[in-house]
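> File name coords.txt; file contents compact mmCIF, C-alpha atoms; full text below.
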```
# COMPACT_ATOMS: atom_id res chain seq x y z
CA PHE A 1 0.00 0.00 0.00
CA PRO A 2 1.25 3.56 -0.62
CA LEU A 3 3.24 5.03 2.24
CA PRO A 4 2.67 8.63 3.41
CA ILE A 5 6.40 9.34 2.91
CA LEU A 6 8.88 8.69 0.10
CA LEU A 7 11.78 6.36 0.93
CA TYR A 8 15.31 6.56 -0.50
CA PRO A 9 18.29 4.18 -0.14
CA GLN A 10 20.15 6.52 2.23
CA ASP A 11 17.13 6.48 4.52
CA PHE A 12 17.83 2.86 5.37
CA ILE A 13 21.48 3.65 6.14
CA PHE A 14 20.69 6.38 8.65
CA VAL A 15 17.74 4.50 10.12
CA GLY A 16 20.12 1.56 10.53
CA LEU A 17 22.59 3.76 12.43
CA PHE A 18 19.77 5.08 14.60
CA SER A 19 18.42 1.57 15.25
CA PHE A 20 21.87 0.29 16.20
CA PHE A 21 22.21 3.15 18.69
CA VAL A 22 18.78 2.48 20.23
CA ILE A 23 19.47 -1.26 20.57
CA SER A 24 22.89 -0.55 22.11
CA CYS A 25 21.23 1.73 24.68
CA CYS A 26 18.55 -0.86 25.48
CA VAL A 27 21.07 -3.64 26.15
CA GLY A 28 23.30 -1.33 28.18
CA PHE A 29 26.18 -1.31 25.70
CA VAL A 30 26.18 2.49 25.59
CA SER A 31 24.63 5.13 27.79
CA LEU A 32 23.25 8.59 27.18
CA ASP A 33 25.85 10.77 28.86
CA GLY A 34 26.82 14.39 28.42
CA PRO A 35 25.54 16.87 25.83
CA VAL A 36 23.99 14.19 23.61
CA ARG A 37 21.03 14.00 26.01
CA ILE A 38 20.08 17.51 24.91
CA TRP A 39 19.84 16.36 21.31
CA VAL A 40 17.56 13.53 22.40
CA ALA A 41 15.15 16.20 23.64
CA ILE A 42 15.52 18.11 20.35
CA PHE A 43 14.78 15.00 18.33
CA LEU A 44 11.70 14.17 20.41
CA LEU A 45 10.37 17.65 19.64
CA GLU A 46 11.12 17.12 15.94
CA ILE A 47 9.25 13.79 16.01
CA ALA A 48 6.21 15.52 17.50
CA LEU A 49 6.31 18.20 14.78
CA PHE A 50 6.67 15.48 12.14
CA VAL A 51 3.60 13.61 13.41
CA CYS A 52 1.59 16.84 13.35
CA GLY A 53 2.85 17.63 9.85
CA LEU A 54 2.09 14.12 8.63
CA VAL A 55 -1.55 14.56 9.59
CA VAL A 56 -1.86 17.99 7.95
CA TYR A 57 0.55 17.92 4.98
CA GLY A 58 1.09 14.23 4.26
CA LYS A 59 4.27 13.12 2.49
CA TYR A 60 5.67 16.67 2.42
CA ALA A 61 6.26 16.36 6.16
CA GLY A 62 8.54 13.39 5.47
CA VAL A 63 10.54 15.34 2.90
CA GLU A 64 11.31 18.10 5.43
CA PHE A 65 11.79 15.70 8.35
CA ARG A 66 14.40 13.56 6.56
CA PRO A 67 17.42 15.85 7.27
CA ALA A 68 16.50 15.88 10.96
CA VAL A 69 16.60 12.07 11.03
CA TYR A 70 19.96 12.01 9.24
CA ARG A 71 21.39 14.57 11.65
CA ALA A 72 20.10 12.83 14.78
CA ALA A 73 21.26 9.40 13.61
CA SER A 74 24.76 10.75 12.93
CA ILE A 75 24.99 12.47 16.31
CA PHE A 76 23.67 9.50 18.28
CA TYR A 77 25.77 6.85 16.52
CA PHE A 78 29.12 8.67 16.58
CA SER A 79 28.64 9.94 20.13
CA ALA A 80 27.97 6.49 21.56
CA TYR A 81 31.54 5.24 21.83
CA HIS A 82 34.84 6.34 23.24
CA TYR A 83 37.53 6.38 20.54
CA ASP A 84 40.92 5.23 21.79
CA GLU A 85 44.22 6.33 20.28
CA LYS A 86 44.23 3.51 17.72
CA ALA A 87 40.76 4.41 16.49
CA GLN A 88 41.68 8.10 16.26
CA ILE A 89 44.73 7.22 14.15
CA HIS A 90 42.48 5.37 11.70
CA ILE A 91 40.09 8.34 11.60
CA ALA A 92 43.00 10.74 10.97
CA LYS A 93 44.28 8.59 8.09
CA ALA A 94 40.84 8.40 6.47
CA PHE A 95 40.35 12.16 6.82
CA SER A 96 43.80 12.84 5.34
CA VAL A 97 43.08 10.71 2.28
CA THR A 98 39.93 12.79 1.72
CA ILE A 99 41.94 16.02 1.81
CA TRP A 100 44.47 14.72 -0.70
CA ILE A 101 41.74 13.49 -3.06
CA VAL A 102 40.21 16.98 -3.12
CA ALA A 103 43.71 18.47 -3.56
CA LEU A 104 44.23 16.19 -6.56
CA VAL A 105 40.94 17.29 -8.13
CA VAL A 106 41.82 20.97 -7.65
CA ALA A 107 45.34 20.40 -9.03
CA ILE A 108 43.97 18.65 -12.12
CA ARG A 109 41.51 21.48 -12.68
CA LEU A 110 44.28 24.04 -12.20
CA PHE A 111 46.58 22.23 -14.65
CA SER A 112 43.87 21.75 -17.27
CA ASP A 113 42.70 25.37 -17.20
CA VAL A 114 46.08 27.09 -16.81
CA VAL A 115 48.44 24.86 -18.79
CA LEU A 116 46.13 23.16 -21.31
CA GLY A 117 43.64 26.01 -21.59
CA THR A 118 40.60 23.77 -21.25
CA GLN A 119 37.39 24.83 -19.49
CA TYR A 120 35.35 21.96 -18.09
CA GLY A 121 32.76 24.22 -16.51
CA LEU A 122 32.81 22.20 -13.29
CA THR A 123 32.22 25.27 -11.14
CA ILE A 124 29.70 26.39 -8.55
CA GLY A 125 28.64 30.01 -8.74
CA ALA A 126 30.86 30.65 -11.80
CA LYS A 127 34.04 30.67 -9.70
CA PRO A 128 37.14 28.96 -11.15
CA LEU A 129 38.40 26.13 -8.93
CA ARG A 130 35.15 26.10 -6.96
CA VAL A 131 34.73 22.46 -7.88
CA ILE A 132 32.93 21.44 -4.67
CA ASN A 133 30.14 23.21 -2.81
CA ALA A 134 30.23 25.07 0.51
CA HIS A 135 29.12 22.12 2.63
CA GLN A 136 31.82 19.90 1.16
CA THR A 137 34.39 22.64 1.80
CA LEU A 138 33.15 22.88 5.39
CA PHE A 139 33.81 19.15 5.66
CA LEU A 140 37.45 19.84 4.72
CA LEU A 141 37.61 22.54 7.39
CA LEU A 142 36.20 20.25 10.10
CA VAL A 143 38.62 17.50 9.05
CA TRP A 144 41.43 20.03 9.35
CA ILE A 145 40.23 21.01 12.84
CA TYR A 146 40.26 17.35 13.84
CA LEU A 147 43.81 16.85 12.56
CA VAL A 148 45.12 20.03 14.20
CA THR A 149 43.59 19.36 17.61
CA ASN A 150 44.76 15.74 17.53
CA TYR A 151 48.19 16.56 16.08
CA LYS A 152 50.29 15.84 19.15
CA LEU A 153 48.33 12.70 20.02
CA VAL A 154 47.93 10.86 16.71
CA VAL A 155 49.17 12.95 13.76
CA GLN A 156 52.77 13.97 14.38
CA ASN A 157 53.99 10.35 14.47
CA SER A 158 51.74 9.13 11.66
CA TRP A 159 52.29 8.87 7.91
CA LEU A 160 53.68 11.80 5.96
CA ILE A 161 50.42 12.00 4.00
CA VAL A 162 48.59 12.58 7.29
CA ARG A 163 51.01 15.22 8.61
CA SER A 164 51.14 17.13 5.33
CA ALA A 165 47.33 17.14 5.02
CA VAL A 166 47.25 19.55 7.96
CA TYR A 167 48.92 22.18 5.78
CA ILE A 168 47.25 21.40 2.47
CA ALA A 169 43.70 21.81 3.84
CA PRO A 170 43.89 25.59 4.55
CA LEU A 171 45.16 26.24 1.01
CA LEU A 172 42.23 24.25 -0.40
CA VAL A 173 39.72 26.16 1.73
CA PHE A 174 41.13 29.42 0.37
CA LEU A 175 41.19 28.34 -3.28
CA LEU A 176 37.66 26.92 -3.21
CA GLN A 177 36.39 30.49 -2.55
CA HIS A 178 33.44 29.87 -0.25
CA ARG A 179 33.39 33.03 1.85
CA THR A 180 31.28 31.60 4.68
CA VAL A 181 33.83 28.84 5.16
CA TRP A 182 36.57 31.50 5.24
CA VAL A 183 34.79 33.13 8.17
CA ALA A 184 34.24 29.77 9.89
CA ALA A 185 37.96 28.98 9.52
CA LEU A 186 39.18 32.20 11.13
CA ILE A 187 39.34 31.14 14.80
CA PRO A 188 40.79 27.64 14.13
CA ALA A 189 43.36 29.29 11.83
CA ILE A 190 44.45 31.64 14.62
CA PHE A 191 44.93 28.62 16.87
CA MET A 192 46.88 26.90 14.10
CA GLY A 193 49.31 29.80 13.98
CA TYR A 194 49.63 29.65 17.75
CA GLN A 195 50.80 26.04 17.57
CA LYS A 196 54.28 27.02 16.40
CA ASN A 197 55.82 23.73 17.40
CA ILE A 198 53.72 21.97 14.73
CA PHE A 199 55.26 24.09 11.99
CA LYS A 200 58.78 23.63 13.36
CA GLN A 201 58.51 19.83 13.54
CA TRP A 202 56.98 19.65 10.10
CA LEU A 203 59.64 21.86 8.48
CA ARG A 204 62.44 19.72 9.92
CA ASN A 205 61.36 16.89 7.63
CA PRO A 206 63.63 17.11 4.54
CA ILE A 207 61.03 15.57 2.20
CA VAL A 208 58.48 18.18 3.18
CA SER A 209 60.83 21.19 3.16
CA VAL A 210 62.65 20.25 -0.04
CA LEU A 211 59.92 18.66 -2.15
CA ILE A 212 56.37 19.46 -1.04
CA ILE A 213 56.66 23.13 -0.05
CA PRO A 214 58.48 24.27 -3.24
CA SER A 215 56.10 22.25 -5.45
CA VAL A 216 52.94 23.62 -3.88
CA SER A 217 54.34 27.15 -3.78
CA PHE A 218 55.36 27.02 -7.46
CA LEU A 219 51.95 25.69 -8.50
CA PHE A 220 50.12 28.38 -6.54
CA ILE A 221 52.33 31.27 -7.76
CA PHE A 222 52.24 30.04 -11.35
CA ALA A 223 48.44 29.87 -11.25
CA ILE A 224 48.20 33.43 -9.93
CA ILE A 225 50.63 34.87 -12.47
CA SER A 226 49.28 33.06 -15.53
CA ASN A 227 45.55 32.95 -14.84
CA ASP A 228 43.82 36.34 -14.81
CA VAL A 229 40.45 34.60 -14.43
CA LEU A 230 41.51 33.07 -11.11
CA MET A 231 42.73 36.40 -9.77
CA ILE A 232 39.55 38.18 -10.90
CA SER A 233 37.51 35.46 -9.25
CA LEU A 234 39.39 35.69 -5.96
CA GLU A 235 39.07 39.48 -6.01
CA ALA A 236 35.35 39.23 -6.77
CA SER A 237 34.86 36.78 -3.91
CA VAL A 238 36.50 39.14 -1.44
CA THR A 239 34.66 42.20 -2.83
CA GLU A 240 31.26 40.53 -2.77
CA ALA A 241 31.83 39.39 0.80
CA PHE A 242 31.84 43.06 1.88
CA GLN A 243 29.24 44.32 -0.57
CA SER A 244 26.13 45.86 1.03
CA LYS A 245 23.71 45.89 -1.91
CA HIS A 246 22.62 43.13 -4.31
CA SER A 247 24.99 40.62 -2.72
CA THR A 248 24.16 37.03 -1.87
CA PHE A 249 24.00 37.97 1.80
CA THR A 250 21.44 40.78 1.35
CA TRP A 251 19.29 38.44 -0.77
CA ARG A 252 19.33 35.93 2.08
CA LEU A 253 18.53 38.61 4.65
CA ASN A 254 15.35 39.55 2.75
CA SER A 255 14.42 35.87 2.56
CA TRP A 256 14.96 35.33 6.29
CA PHE A 257 12.97 38.44 7.20
CA GLU A 258 9.91 37.23 5.30
CA LEU A 259 10.04 33.76 6.87
CA LEU A 260 10.63 35.04 10.40
CA ASN A 261 7.83 37.55 9.96
CA SER A 262 5.40 34.73 9.16
CA TRP A 263 6.58 32.88 12.29
CA TRP A 264 6.38 35.96 14.53
CA SER A 265 2.89 36.85 13.32
CA GLY A 266 1.65 33.36 14.16
CA SER A 267 0.00 32.16 17.36
CA LEU A 268 1.76 31.74 20.71
CA LEU A 269 1.94 28.00 20.04
CA VAL A 270 3.75 28.69 16.74
CA ASN A 271 6.13 31.13 18.44
CA VAL A 272 7.07 28.53 21.05
CA PHE A 273 7.12 25.32 18.97
CA GLY A 274 7.23 26.52 15.35
CA PHE A 275 5.35 25.17 12.36
CA PRO A 276 4.96 21.41 11.73
CA PHE A 277 7.19 19.72 9.19
CA GLY A 278 5.70 19.99 5.70
CA ALA A 279 4.49 23.58 6.05
CA GLY A 280 6.93 24.67 3.34
CA TRP A 281 9.13 27.76 2.98
CA ARG A 282 7.11 29.95 0.60
CA ARG A 283 7.93 33.66 0.85
CA TYR A 284 8.19 36.73 -1.39
CA ILE A 285 11.73 38.09 -1.96
CA VAL A 286 11.89 41.78 -2.85
CA ASP A 287 15.37 41.64 -4.46
CA ILE A 288 14.26 39.22 -7.17
CA GLY A 289 10.59 40.28 -7.23
CA GLN A 290 9.11 36.80 -6.99
CA PHE A 291 8.09 34.01 -4.62
CA ASN A 292 10.57 31.37 -3.51
CA GLU A 293 9.86 27.97 -1.96
CA ASN A 294 13.41 26.71 -1.44
CA SER A 295 14.72 25.95 2.03
CA PRO A 296 16.19 29.10 3.67
CA HIS A 297 19.97 29.48 3.66
CA SER A 298 20.18 29.48 7.47
CA PHE A 299 20.02 26.66 9.96
CA TYR A 300 18.94 29.16 12.61
CA VAL A 301 15.91 30.23 10.58
CA GLN A 302 15.07 26.58 9.88
CA THR A 303 15.38 25.83 13.59
CA ILE A 304 13.01 28.64 14.61
CA LEU A 305 10.40 27.79 11.97
CA ARG A 306 10.54 24.04 12.75
CA GLY A 307 10.83 24.13 16.53
CA GLY A 308 10.29 27.70 17.63
CA VAL A 309 12.04 29.40 20.51
CA ILE A 310 12.28 26.22 22.56
CA LYS A 311 14.26 24.35 19.89
CA LEU A 312 16.59 27.30 19.33
CA LEU A 313 17.31 27.47 23.06
CA MET A 314 17.98 23.72 23.18
CA LEU A 315 20.35 24.01 20.19
CA LEU A 316 22.29 26.82 21.88
CA THR A 317 22.36 24.81 25.13
CA PHE A 318 23.74 21.79 23.25
CA TRP A 319 26.53 23.89 21.76
CA TRP A 320 27.27 25.57 25.08
CA ALA A 321 27.49 22.18 26.82
CA LEU A 322 30.08 21.03 24.26
CA VAL A 323 32.14 24.22 24.59
CA LYS A 324 31.93 24.30 28.39
CA SER A 325 32.87 20.62 28.72
CA GLY A 326 35.73 21.05 26.26
CA ILE A 327 37.17 24.01 28.15
CA ALA A 328 36.91 22.18 31.48
CA LYS A 329 38.60 19.04 30.11
CA TYR A 330 41.33 21.07 28.41
CA LYS A 331 42.19 22.98 31.59
CA ASN A 332 42.36 19.78 33.66
CA SER A 333 44.39 17.75 31.14
CA VAL A 334 48.12 17.56 30.62
CA GLY A 335 50.33 15.92 28.04
CA ALA A 336 49.86 15.23 24.34
CA GLY A 337 46.17 14.44 24.63
CA ALA A 338 45.11 17.80 26.07
CA ASP A 339 44.64 19.54 22.70
CA CYS A 340 42.05 16.98 21.56
CA TYR A 341 39.54 18.61 23.93
CA LEU A 342 39.76 21.74 21.78
CA PHE A 343 38.11 19.78 18.96
CA PRO A 344 34.51 20.19 20.22
CA ILE A 345 35.14 23.89 20.92
CA PHE A 346 36.41 24.74 17.43
CA THR A 347 33.87 22.41 15.80
CA VAL A 348 31.01 24.28 17.48
CA LEU A 349 32.48 27.69 16.62
CA ALA A 350 33.06 26.77 12.96
CA THR A 351 29.65 25.17 12.42
CA ALA A 352 27.80 27.89 14.34
CA LEU A 353 29.28 30.53 12.04
CA PHE A 354 28.74 28.50 8.87
CA LEU A 355 25.13 27.59 9.68
CA PHE A 356 24.23 31.25 9.95
CA THR A 357 24.03 31.39 6.13
CA TYR A 358 23.59 27.70 5.25
CA GLY A 359 21.42 24.76 6.20
CA SER A 360 22.72 21.69 7.97
CA ALA A 361 24.09 18.49 6.42
CA PRO A 362 24.33 14.90 7.76
CA PHE A 363 28.13 14.99 8.09
CA ILE A 364 27.88 17.91 10.54
CA GLY A 365 26.10 15.50 12.86
CA ILE A 366 29.11 13.18 12.58
CA PHE A 367 31.44 15.88 13.89
CA TRP A 368 29.00 16.89 16.63
CA GLY A 369 28.78 13.23 17.58
CA LEU A 370 32.57 12.89 17.68
CA SER A 371 32.64 16.00 19.87
CA CYS A 372 30.15 14.42 22.29
CA SER A 373 32.24 11.24 22.43
CA GLN A 374 35.07 13.21 24.06
CA PHE A 375 33.09 13.31 27.29
CA ILE A 376 32.12 9.64 27.67
```
Would you write out, as C-alpha cells, the structure that this file holds?


Amino acid sequence: FPLPILLYPQDFIFVGLFSFFVISCCVGFVSLDGPVRIWVAIFLLEIALFVCGLVVYGKYAGVEFRPAVYRAASIFYFSAYHYDEKAQIHIAKAFSVTIWIVALVVAIRLFSDVVLGTQYGLTIGAKPLRVINAHQTLFLLLVWIYLVTNYKLVVQNSWLIVRSAVYIAPLLVFLLQHRTVWVAALIPAIFMGYQKNIFKQWLRNPIVSVLIIPSVSFLFIFAIISNDVLMISLEASVTEAFQSKHSTFTWRLNSWFELLNSWWSGSLLVNVFGFPFGAGWRRYIVDIGQFNENSPHSFYVQTILRGGVIKLLMLLTFWWALVKSGIAKYKNSVGAGADCYLFPIFTVLATALFLFTYGSAPFIGIFWGLSCSQFI
C-alpha cells in the first residue's frame, strides 16, 4: 500500500545507524551521557512536529523531516563510543586521504585550465576552482580542525600524508572560494598559527621542506601569475563578501525576514514550537521580485520555523554544553592528549558561524557526535 512518505536508499542507512544506537542503549552497551542528552530532547520535539505535519501535509512532512533524522542518527551513533588512540589514528588517516583526493581534483583542474587552456565548466557560482560546494568545503575545514587538535596525540607520528594534510587543507579552503567557510575557519586558523611547534617539527622533515613546499608554492604562484580569471575570481569573492547591496547575503537577509515575519505573526503556540514539518518555505523576496519555496539558507531560521524558541534554546544549550565541557577538560588535562579537547570547541564555533548562512548536512552530525564522544 502507498506510504505517506517517500523512501530513499540513504534512509535505510541512517535509520540503521539510529536503530543500532537504540538497541545498544537498550542492552546497556552504551549510555546517554553528556551533551547528547540535549539532542535527544531536540529529536523528540522534531518527532512531534513530524507527526503533526504528517496529519496535515502528508508526504511533504517526510521530505522536510528527513534531514532531521539524518542529523540525529549521525549524532547518536558517533557519540555512543569512546575512541581510543588507535581508532583516532584510523580516523586521521581516512580524513587525510579525503583532503588529498580533493587536492588532486583541484590540481587537475588548475593544470587543465592554466596549462592546457581547457574549461570543463565544473564550477559552482561561476568561480574557477570552486569544484565542490560550501558544505563539502566545510567538511574539509572540520577535518582540518580534527587533525590540528589531535596533532600531538595521533598525527605527528603518523604517515607523511597525514602530517602534510594539515597544511594542504587551509590552502584548499582558500582556493575553493566559499566566503562563509573563510569566516568559519578564522578562529581555528588563529589557533593553528599559535601552535608554532607543529610548523617547526613539520619543516624539519627534509622531504616536506625540499619537495612538497616548493612544489605547492610554485603551483600556486604560477596559477596566480598566468591565470587572470583566477585572480579576478578571488578578487570578486572578497569584494562581494563586503558588498552591502545586491549581494548574496542581502538576498538571504530579505528571505529570512519574510520567513521570520510569518513565524512571529503566528500564534503563541507557533512562536514557542514553530510550524509542523511539511508547512513549506514559501515567501516573497523583494530583491528578485518573486516568490521562492526553497529551504532558507540558514540553519537558525530553519530551527526557529521548525521548533520555535524552545528548539533554538535547546540548540544553543547543546553547543554551550560542548564548549563548556571542552574548556573544562582542556584545563584539567596535561600531556599530548590535552589539545584533543579543543576539537569540540572549534567544531562548534566553525559550524555555528557556517550555519548562519547555510542549512545543515548529515556529516555535521558526525562531527558533533565525535565531539560528544570526548566526554564519555

> How many Å separate atom CA of Ala352 of chain A from atom CA of Trp319 of chain A?

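Computing the Euclidean distance for atom CA of Ala352 of chain A and atom CA of Trp319 of chain A yields 8.5 Å.
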
> Rounded to one decimal in Å, what is the spacing between atom CA of His178 of chain A and atom CA of Gln302 of chain A?

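Atom CA of His178 of chain A sits 21.2 Å away from atom CA of Gln302 of chain A.
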
> For the atom pair atom CA of Val40 of chain A and atom CA of Leu355 of chain A, what is the interatomic distance in Å to one decimal place?

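Answer for the atom CA of Val40 of chain A to atom CA of Leu355 of chain A separation: 20.4 Å.
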
> Give me the residues near segment 184-191 of chain A as a PyMOL selection string, where near means some atom within 6 Å (using only C-alpha atoms) and where sequence neighbours in that chain fewer than 3 positions away do not count.

chain A and resi 181+194+350+353-354

> Point out the residue among A:Pro9, A:Gly326, A:Gly16, A:Gly28 with the least atom-to-atom distance to Thr149 of chain A, counting all atoms listed in the file.

A:Gly326

> Measuring between only C-alpha atoms, which one of A:Leu268, A:Val69, A:Leu147, A:Val102 shows the shortest distance to Asn133 of chain A?

A:Val102

> Just need segment 138-150 of chain A in a file, please: N, CA and C atoms, as a compact mmCIF listing (two decimals), in the first residue's frame.


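Saved file selection01.txt follows:
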```
# COMPACT_ATOMS: atom_id res chain seq x y z
N LEU A 138 33.23 22.89 3.93
CA LEU A 138 33.15 22.88 5.39
C LEU A 138 33.63 21.54 5.94
N PHE A 139 33.31 20.46 5.24
CA PHE A 139 33.81 19.15 5.66
C PHE A 139 35.33 19.14 5.72
N LEU A 140 35.99 19.74 4.71
CA LEU A 140 37.45 19.84 4.72
C LEU A 140 37.92 20.63 5.94
N LEU A 141 37.22 21.72 6.24
CA LEU A 141 37.61 22.54 7.39
C LEU A 141 37.48 21.76 8.69
N LEU A 142 36.39 21.02 8.87
CA LEU A 142 36.20 20.25 10.10
C LEU A 142 37.21 19.11 10.20
N VAL A 143 37.55 18.51 9.07
CA VAL A 143 38.62 17.50 9.05
C VAL A 143 39.93 18.12 9.49
N TRP A 144 40.21 19.32 8.98
CA TRP A 144 41.43 20.03 9.35
C TRP A 144 41.46 20.32 10.85
N ILE A 145 40.33 20.76 11.40
CA ILE A 145 40.23 21.01 12.84
C ILE A 145 40.53 19.73 13.63
N TYR A 146 40.00 18.62 13.16
CA TYR A 146 40.26 17.35 13.84
C TYR A 146 41.75 17.01 13.82
N LEU A 147 42.39 17.18 12.67
CA LEU A 147 43.81 16.85 12.56
C LEU A 147 44.68 17.78 13.40
N VAL A 148 44.33 19.07 13.43
CA VAL A 148 45.12 20.03 14.20
C VAL A 148 45.01 19.75 15.69
N THR A 149 43.79 19.55 16.17
CA THR A 149 43.59 19.36 17.61
C THR A 149 44.06 17.99 18.09
N ASN A 150 44.23 17.06 17.17
CA ASN A 150 44.76 15.74 17.53
C ASN A 150 46.19 15.55 17.04
```
